[in-house]
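Enquirer: Structure provided below as structure tokens; questions to follow.
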Amino acid sequence: MKTVLITGGTGLVGSAIKTISEQYKNKYHFIYLNRNDCNLMNYPSTLAYFIKNKPNFVIHLAANVGGLFKNMENPVQMLEENLVINLNVIKAAHILKVDKLIACLSTCIFPDNITYPISEKDLHNGPPHTSNEGYAYSKRILQTLCNSYNKQYGDNFVCIIPTNIYGPYDNFNLDDAHVIPALIHKCYIAKENNTPFIVSGTGTPLRQFIYSEDLARNIMWVLEEYNETEPIILSTDEQDEISIGCVAKYIAKEFDYDAYLEFDTTKSDGQYKKTASNEKFRKYNPAFNFTKIEKGISDTISWFKQNYPNIRK
Ligand code: GDP
């Protein structure tokens, strides 16, 4: 039995891997590492944890992450903490000679000024959007780090690049969260208080959203079948790109509160779009069925309502 260590194991994506892990239970022993088990900001602790658990595979998801507004307000922490965590995890994985490490980047770290759709090779071709440059550079360096270990030591460290992820177990904090969990929580509160459901910005920006369980399945595919060391974008198709306004409407409808939707245009829109091409993923997986956004939002809201007292918020 091979051991798969998942850093950030109790977050949005780690929890989704746990949800789908049943089908792999005879093959892998999964360890879902969270911040109480080991402080990844500390190298001796990180190395000691790796030595104790001897992972064959590492899925490195741990990061200081957040939505547009958290990134704008905390550029130092987004750069510094992510750099430190990534340096520690990659070094420990190298020393333990793991068979494969998967590191998680994001399409939001790509150059701002770019010809769409984004493809894997564009990653370093220009500065990122100013709203999240701390996070973006920490993740770009993670890719450079993986590439350097592969080149110099023959490691097998591969970067995945998902688009905007959502689903159960997300962070629903009103100020820090990504747009879907933030709006689910805002709509819930608005309905409770009989107040308007206020969406930040104009609602016109476009995004590709990926449901966390789809991403979990894609990650297990990368672990087992993807044999390149070049990064790969994990995203829904380009035609599934959707406006923030439309997402807000789906959420409001699900709460039966669509008459109370308003836009606060004094708030930032962030990047207008970051359309990503999943051509490489589709070359390997032409038939993969991504969850439709209406269903993903509906399932996430059901989970949110059932777990409200205990969610991250
Ligand atoms: P991004 O996809 O990396 O830009 O990050 P987000 O998930 O934070 O999405 C940001 C987009 O959603 C921007 O266009 C925001 O203006 C819009 N948005 C609308 N309301 C909210 C909200 O309550 N929270 C967040 N994070 N974004 C919001």
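Quick note on naming: the chains in the structure tokens go A, B, ... in the order shown, residues restart at 1 in each chain, and ligands are numbered from 1 in order of appearance.
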Mind dumping a table of every chain A residue within 9 Å of ligand 1, with the nearest atom pair and its distance in Å to one decimal, using only C-alpha atoms and all ligand atoms, sorted by chain and rising number, as a Markdown table?

Expert:
```
| residue | atom | partner | partner_atom_place_in_ligand_line | distance |
| --- | --- | --- | --- | --- |
| A:Gly66 | CA | ligand 1 | 8 (O) | 7.0 |
| A:Gly67 | CA | ligand 1 | 8 (O) | 3.3 |
| A:Leu68 | CA | ligand 1 | 8 (O) | 3.9 |
| A:Phe69 | CA | ligand 1 | 26 (N) | 5.8 |
| A:Lys70 | CA | ligand 1 | 26 (N) | 7.7 |
| A:Asn71 | CA | ligand 1 | 8 (O) | 8.6 |
| A:Ser106 | CA | ligand 1 | 3 (O) | 8.5 |
| A:Thr107 | CA | ligand 1 | 3 (O) | 8.0 |
| A:Cys108 | CA | ligand 1 | 3 (O) | 5.2 |
| A:Ile109 | CA | ligand 1 | 3 (O) | 8.6 |
| A:Ser131 | CA | ligand 1 | 4 (O) | 8.6 |
| A:Asn132 | CA | ligand 1 | 3 (O) | 8.0 |
| A:Thr163 | CA | ligand 1 | 2 (O) | 7.8 |
| A:Asn164 | CA | ligand 1 | 2 (O) | 5.6 |
| A:Ile165 | CA | ligand 1 | 7 (O) | 8.2 |
| A:Tyr166 | CA | ligand 1 | 7 (O) | 8.9 |
| A:Leu174 | CA | ligand 1 | 23 (O) | 6.5 |
| A:Asp175 | CA | ligand 1 | 24 (N) | 6.7 |
| A:Asp176 | CA | ligand 1 | 26 (N) | 6.5 |
| A:Ala177 | CA | ligand 1 | 26 (N) | 5.3 |
| A:His178 | CA | ligand 1 | 7 (O) | 3.5 |
| A:Val179 | CA | ligand 1 | 25 (C) | 3.8 |
| A:Ile180 | CA | ligand 1 | 7 (O) | 6.6 |
| A:Pro181 | CA | ligand 1 | 24 (N) | 7.9 |
| A:Ala182 | CA | ligand 1 | 23 (O) | 4.7 |
| A:Leu183 | CA | ligand 1 | 23 (O) | 5.1 |
| A:Ile184 | CA | ligand 1 | 23 (O) | 8.7 |
| A:His185 | CA | ligand 1 | 23 (O) | 8.7 |
| A:Lys186 | CA | ligand 1 | 23 (O) | 7.1 |
| A:Ile198 | CA | ligand 1 | 20 (N) | 7.5 |
| A:Val199 | CA | ligand 1 | 20 (N) | 4.3 |
| A:Ser200 | CA | ligand 1 | 20 (N) | 3.7 |
| A:Gly201 | CA | ligand 1 | 16 (O) | 4.2 |
| A:Thr202 | CA | ligand 1 | 16 (O) | 6.9 |
| A:Gly203 | CA | ligand 1 | 14 (O) | 6.6 |
| A:Thr204 | CA | ligand 1 | 14 (O) | 7.4 |
| A:Pro205 | CA | ligand 1 | 14 (O) | 5.1 |
| A:Leu206 | CA | ligand 1 | 14 (O) | 7.5 |
| A:Arg207 | CA | ligand 1 | 2 (O) | 6.3 |
| A:Gln208 | CA | ligand 1 | 2 (O) | 8.3 |
| A:Phe209 | CA | ligand 1 | 2 (O) | 8.5 |
| A:Ser243 | CA | ligand 1 | 14 (O) | 8.6 |
| A:Ile244 | CA | ligand 1 | 12 (O) | 5.9 |
| A:Gly245 | CA | ligand 1 | 19 (C) | 8.1 |
| A:Ala248 | CA | ligand 1 | 19 (C) | 8.1 |
| A:Phe263 | CA | ligand 1 | 19 (C) | 8.2 |
| A:Asp264 | CA | ligand 1 | 20 (N) | 8.5 |
| A:Thr265 | CA | ligand 1 | 16 (O) | 8.6 |
| A:Lys267 | CA | ligand 1 | 16 (O) | 6.5 |
| A:Ser268 | CA | ligand 1 | 16 (O) | 5.1 |
| A:Asp269 | CA | ligand 1 | 16 (O) | 3.6 |
| A:Gly270 | CA | ligand 1 | 13 (C) | 5.0 |
| A:Gln271 | CA | ligand 1 | 4 (O) | 6.1 |
| A:Tyr272 | CA | ligand 1 | 14 (O) | 6.8 |
| A:Lys273 | CA | ligand 1 | 4 (O) | 8.2 |
| A:Lys274 | CA | ligand 1 | 2 (O) | 8.3 |
```

Enquirer: Excluding same-chain residues fewer than 4 positions from Asn227 in chain A, what lies within 10 Å of it counting only C-alpha atoms, as a CSV table (one decimal) with all heavy atoms, in the first residue's frame?

Expert:
```csv
chain,number,residue,atom,x,y,z
A,100,LYS,N,6.4,11.0,-6.5
A,100,LYS,CA,5.8,12.1,-7.3
A,100,LYS,C,5.2,13.1,-6.3
A,100,LYS,O,4.7,12.7,-5.3
A,100,LYS,CB,4.7,11.5,-8.2
A,100,LYS,CG,4.1,12.5,-9.1
A,100,LYS,CD,3.2,11.7,-10.1
A,100,LYS,CE,2.8,12.6,-11.2
A,100,LYS,NZ,2.1,11.7,-12.3
A,156,ASN,N,10.4,14.2,-9.5
A,156,ASN,CA,9.1,14.1,-10.3
A,156,ASN,C,8.1,15.0,-9.6
A,156,ASN,O,7.2,14.5,-9.0
A,156,ASN,CB,8.7,12.6,-10.4
A,156,ASN,CG,7.5,12.4,-11.3
A,156,ASN,OD1,7.2,13.3,-12.1
A,156,ASN,ND2,6.9,11.3,-11.2
A,158,VAL,N,5.3,17.8,-10.2
A,158,VAL,CA,4.5,18.4,-11.3
A,158,VAL,C,3.5,19.4,-10.8
A,158,VAL,O,3.0,19.2,-9.7
A,158,VAL,CB,3.8,17.2,-12.1
A,158,VAL,CG1,3.1,16.3,-11.2
A,158,VAL,CG2,2.9,17.8,-13.2
A,222,VAL,N,-3.9,12.8,-12.4
A,222,VAL,CA,-2.6,13.3,-12.6
A,222,VAL,C,-1.6,12.4,-11.8
A,222,VAL,O,-0.5,12.0,-12.3
A,222,VAL,CB,-2.4,14.8,-12.1
A,222,VAL,CG1,-1.0,15.2,-12.0
A,222,VAL,CG2,-3.2,15.8,-13.0
A,223,LEU,N,-2.0,12.0,-10.6
A,223,LEU,CA,-1.1,11.2,-9.8
A,223,LEU,C,-0.9,9.8,-10.5
A,223,LEU,O,0.3,9.3,-10.6
A,223,LEU,CB,-1.8,10.9,-8.5
A,223,LEU,CG,-1.0,10.1,-7.5
A,223,LEU,CD1,-0.2,11.1,-6.7
A,223,LEU,CD2,-1.9,9.3,-6.5
```

Enquirer: Which residues are close to range 80-93 of chain A, i.e. within 6 Å by only C-alpha atoms, leaving aside same-chain residues fewer than 3 positions away? Reply as a VMD selection string.

Expert: chain A and resid 40 to 41 43 47 63 76 to 77 96 98 138

Enquirer: Taking N, CA, C and O atoms for each residue, export the selection above as an mmCIF file, in the first residue's frame.

Expert:
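Here's the written file part-v7.cif:
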```
data_model
loop_
_atom_site.group_PDB
_atom_site.id
_atom_site.type_symbol
_atom_site.label_atom_id
_atom_site.label_comp_id
_atom_site.auth_asym_id
_atom_site.auth_seq_id
_atom_site.Cartn_x
_atom_site.Cartn_y
_atom_site.Cartn_z
ATOM 1 N N LEU A 40 3.869 23.728 8.711
ATOM 2 C CA LEU A 40 4.673 23.695 7.480
ATOM 3 C C LEU A 40 5.504 24.958 7.286
ATOM 4 O O LEU A 40 6.342 25.026 6.397
ATOM 5 N N MET A 41 5.281 25.953 8.161
ATOM 6 C CA MET A 41 6.115 27.164 8.101
ATOM 7 C C MET A 41 7.475 26.906 8.763
ATOM 8 O O MET A 41 8.377 27.733 8.672
ATOM 9 N N TYR A 43 10.715 24.452 9.032
ATOM 10 C CA TYR A 43 11.345 23.364 8.275
ATOM 11 C C TYR A 43 11.655 22.120 9.106
ATOM 12 O O TYR A 43 11.313 20.998 8.679
ATOM 13 N N LEU A 47 10.206 18.472 8.028
ATOM 14 C CA LEU A 47 11.062 17.325 7.697
ATOM 15 C C LEU A 47 10.771 16.161 8.642
ATOM 16 O O LEU A 47 10.651 15.005 8.194
ATOM 17 N N ALA A 63 -1.700 26.172 1.586
ATOM 18 C CA ALA A 63 -1.309 27.517 1.153
ATOM 19 C C ALA A 63 -2.130 28.534 1.925
ATOM 20 O O ALA A 63 -3.201 28.210 2.444
ATOM 21 N N VAL A 76 1.791 40.959 1.867
ATOM 22 C CA VAL A 76 3.013 40.442 2.509
ATOM 23 C C VAL A 76 2.828 38.986 2.923
ATOM 24 O O VAL A 76 3.638 38.118 2.576
ATOM 25 N N GLN A 77 1.727 38.712 3.653
ATOM 26 C CA GLN A 77 1.495 37.332 4.102
ATOM 27 C C GLN A 77 1.307 36.391 2.918
ATOM 28 O O GLN A 77 1.766 35.245 2.949
ATOM 29 N N LEU A 96 13.057 12.988 1.100
ATOM 30 C CA LEU A 96 12.403 11.683 1.292
ATOM 31 C C LEU A 96 12.298 10.895 -0.014
ATOM 32 O O LEU A 96 11.774 9.790 -0.029
ATOM 33 N N VAL A 98 10.329 11.153 -2.658
ATOM 34 C CA VAL A 98 8.968 10.706 -2.992
ATOM 35 C C VAL A 98 8.887 10.376 -4.484
ATOM 36 O O VAL A 98 9.646 10.928 -5.294
ATOM 37 N N SER A 138 4.606 33.980 -5.386
ATOM 38 C CA SER A 138 4.958 32.815 -4.553
ATOM 39 C C SER A 138 4.661 31.527 -5.311
ATOM 40 O O SER A 138 5.418 30.560 -5.248
#
```

Enquirer: Apply DSSP to the structure's backbone, then extract all residues of range 13-210 of chain A labelled alpha helix (DSSP H) and return them as number ranges by chain.

Expert: A: 13-20, 43-53, 68-73, 75-95, 133-153, 179-193

Enquirer: Quote the spacing between CA of Asn42 in chain A and CA of Tyr169 in chain A in Å to one decimal place.

Expert: 25.7 Å

Enquirer: For Lys27 in chain A, find every residue with an atom within 12 Å (counting only C-alpha atoms), except residues of its own chain fewer than 4 positions away, and show them as number ranges by chain.

Expert: A: 1-4, 21-23, 56, 220, 224

Enquirer: Between A:Thr291, A:Gln143, A:Thr236, A:Asn194, single out the one closest to Gly167 in chain A, counting only C-alpha atoms.

Expert: A:Thr291

Enquirer: Looking only at strand (DSSP E) from DSSP on the backbone, list the matching residues of range 10-144 of chain A as a PDB file with C-alpha atoms, in the first residue's frame.

Expert:
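Written out: out31.pdb:
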```pdb
ATOM      1  CA  TYR A  28      -3.462   4.051  -1.117  1.00  0.00           C
ATOM      2  CA  HIS A  29      -3.249   5.056   2.478  1.00  0.00           C
ATOM      3  CA  PHE A  30      -4.221   8.744   2.507  1.00  0.00           C
ATOM      4  CA  ILE A  31      -2.942  11.146   5.166  1.00  0.00           C
ATOM      5  CA  TYR A  32      -4.848  14.420   5.358  1.00  0.00           C
ATOM      6  CA  LEU A  33      -2.378  16.771   6.985  1.00  0.00           C
ATOM      7  CA  PHE A  57       3.285  10.578  -3.044  1.00  0.00           C
ATOM      8  CA  VAL A  58       2.623  14.157  -1.956  1.00  0.00           C
ATOM      9  CA  ILE A  59      -0.323  16.276  -3.050  1.00  0.00           C
ATOM     10  CA  HIS A  60       0.733  19.737  -1.908  1.00  0.00           C
ATOM     11  CA  LYS A 100       5.820  12.054  -7.260  1.00  0.00           C
ATOM     12  CA  LEU A 101       4.736  15.407  -5.856  1.00  0.00           C
ATOM     13  CA  ILE A 102       1.809  17.406  -7.216  1.00  0.00           C
ATOM     14  CA  ALA A 103       1.909  21.123  -6.427  1.00  0.00           C
ATOM     15  CA  CYS A 104      -1.117  23.338  -6.817  1.00  0.00           C
TER      16      CYS A 104
END
```

Enquirer: When you draw a straight line from CA of Ala48 in chain A to CA of Asn34 in chain A, how long is it in Å?

Expert: 14.9 Å

Enquirer: What is the distance, in Å and to one decimal place, between CA of Leu142 in chain A and CA of Pro117 in chain A?

Expert: 22.6 Å

Enquirer: My list of candidates is A:Ile242, A:Ile160, A:Ala252, A:Ile297. Which is closest to Lys280 in chain A when distances are computed with only C-alpha atoms?

Expert: A:Ile160

Enquirer: Which of these, A:Gly126, A:Gly154, A:Pro162, A:Gly9, has the shortest distance to Ser277 in chain A once you count only C-alpha atoms?

Expert: A:Pro162
